[in-house]
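**Student:** Can you keep this structure in mind? I'll have questions shortly.
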Amino acid sequence: MKKQYFIPISFLWLVLVSCNNKKLTEVVEVPLPSKEEKMLIGSPEDVKAEDGTFKMAALPYGYEALAPNIDALTMELHYSKHYLTYTNNLNKAITGTELDQLPIEDVLKKLDVSNADLRNNAGGYYNHGLFWDNMIGGKTAGKPSDTLALAINRDFGSFAGFKSQFEDAASKQFGSGWAWLVTDKTGKLQVTSTANQDNPLMSNAVIKGTPILALDVWEHAYYLNYQYKRKKYIDAFFNVINWKKVGERYEEAIKN
């Protein structure tokens with residue numbers, strides 16, 4: 001079922017891709033009226049991946065729940081197009097291989113990073129699943145608590161110190177990529193970033209660890225709402241972080 005939303009849009013980028021060779025064939029800037037446009041937004045429950053080992057993580061909120069920090073149209077395109085494609089492509093890439101029945105974390109640790117198709121799609125699947133789970137709609141306290149709060153103060157000096165490092169990593173990641181908060185094998189928290197769909201579980205990671213917080217800084221994650229102003233998007237992300245979930249991930253990571 002589709003819902004109507006009034007979304008201010010000044011332009012929209014359309015990317016036409018050849019399905020046969022997966023090469024970019026044309027990029028077109030389509031001008032749209034600057035007034036509010038009536039958009040039909042679907043439901044995440046209507047999005048289904050093709051049959052395969054890995055299923056799409058259910059979005060724990062509606063597309064509109066994170067607005068105005070992340071708009072409904074961006075969420076719909078991101079979840080129902082980008083994430084769906086990574087899921088389908090991952091399942092195709094592992095079919096008939098020794099990775100077929102492994103948890104996604106083990107797939108990421110074991111995969112051959114020279115296999116670009118598997119690397120990109122396995123990373124895209126895992127990274128987005130964590131990203132969706134990181135966020136929550138409505139008003140939040142805005143800061144971590146309990147064990148995670150103590151660990152952040154221990155390893156970064158303060159929440160402000162962590163936030164500054166995380167925002168810096170996200171801002172300085174050149175081109176497409178991700179910013180991460182991870183816990184390493186000693187239980188220490190570290191901030192890092194990776195290019196494209198790489199992540200800290202892969203063998204090529206500069207800083208390895210268990211991801212507990214992820215921010216997508218690919219342009220498709222923010223461009224409709226923020227255009228080139230990545231810093232504003234990063235600031236807005238801190239308004240929707242689900243610190244309860246991040247804390248649970250930290251607790252689980254330090255147990256293992």
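Each chain of the structure tokens is named A, B, ... in the order shown, its residues numbered from 1; ligands are numbered from 1 in display order.
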Taking the DSSP secondary structure from the backbone, can you list the residues of range 80-171 of chain A that are helix (DSSP H, G or I), as a PyMOL selection string?

**Tutor:** chain A and resi 80-94+104-110+116-134+146-156+159-171

**Student:** Would you mind reading off the distance between CA of Phe131 in chain A and CA of Thr186 in chain A, one decimal, in Å?

**Tutor:**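 That distance, rounded to one decimal, is 23.9 Å.
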
**Student:** Using only C-alpha atoms, what table do you get, as a Markdown table, when you list each residue of range 87-106 of chain A with an atom no more than 10 Å from range 116-128 of chain A, its nearest pair of atoms, and their distance in Å rounded to one decimal, rows by chain then rising number?

**Tutor:**
| residue | atom | partner | partner_atom | distance |
| --- | --- | --- | --- | --- |
| A:Thr87 | CA | A:Tyr125 | CA | 5.6 |
| A:Asn88 | CA | A:Asn121 | CA | 8.6 |
| A:Asn89 | CA | A:Asn121 | CA | 6.2 |
| A:Leu90 | CA | A:Asn121 | CA | 5.1 |
| A:Asn91 | CA | A:Ala122 | CA | 8.8 |
| A:Lys92 | CA | A:Leu118 | CA | 9.2 |
| A:Ala93 | CA | A:Leu118 | CA | 5.9 |
| A:Ile94 | CA | A:Leu118 | CA | 7.6 |
| A:Ile104 | CA | A:Tyr126 | CA | 6.9 |
| A:Glu105 | CA | A:Tyr126 | CA | 7.9 |

**Student:** Looking at only C-alpha atoms, which of A:Ala236, A:Val217, A:Ile207, A:Leu148 is the one that sits closest to Glu251 in chain A?

**Tutor:** A:Leu148

**Student:** So which one's closest to Glu64 in chain A, A:Asn134, A:Ser43, A:Ser176, A:Thr210? Using only C-alpha atoms, please.

**Tutor:**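 Between A:Asn134, A:Ser43, A:Ser176, A:Thr210, the residue approaching Glu64 in chain A most closely is A:Ser43.
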
**Student:** By how many Å are CA of Lys245 in chain A and CA of Ala214 in chain A apart?

**Tutor:**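 Separation between CA of Lys245 in chain A and CA of Ala214 in chain A: 11.9 Å.
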
**Student:** At a cut-off of 9 Å, using only C-alpha atoms, what residues contact Met135 in chain A? Leave out same-chain residues fewer than 2 positions from it and give the result as a PyMOL selection string.

**Tutor:** chain A and resi 60+66+131-133+137+237+239-243+245

**Student:** List the spatial neighbours of Val182 in chain A as number ranges by chain - criterion: any atom at most 6 Å away, only C-alpha atoms, same-chain residues fewer than 2 positions off excluded.

**Tutor:** A: 189-190, 209-212

**Student:** Would you mind reading off the distance between CA of Asp184 in chain A and CA of Pro200 in chain A, one decimal, in Å?

**Tutor:**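 It comes out at 9.6 Å.
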
**Student:** As number ranges by chain, please: all residues of range 40-240 of chain A that backbone DSSP puts in strand (DSSP E).

**Tutor:** A: 40-41, 177-183, 189-195, 210-216

**Student:** When you count only C-alpha atoms, which of these residues is closest to Tyr250 in chain A: A:Tyr233, A:Thr147, A:Asp216, A:Ser158?

**Tutor:**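 Counting only C-alpha atoms, the residue closest to Tyr250 in chain A is A:Thr147.
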
**Student:** Of the candidates A:Ala67, A:Ala49, A:Met202, A:Ala57, which one gets nearest to Ser114 in chain A if we count only C-alpha atoms?

**Tutor:** A:Met202
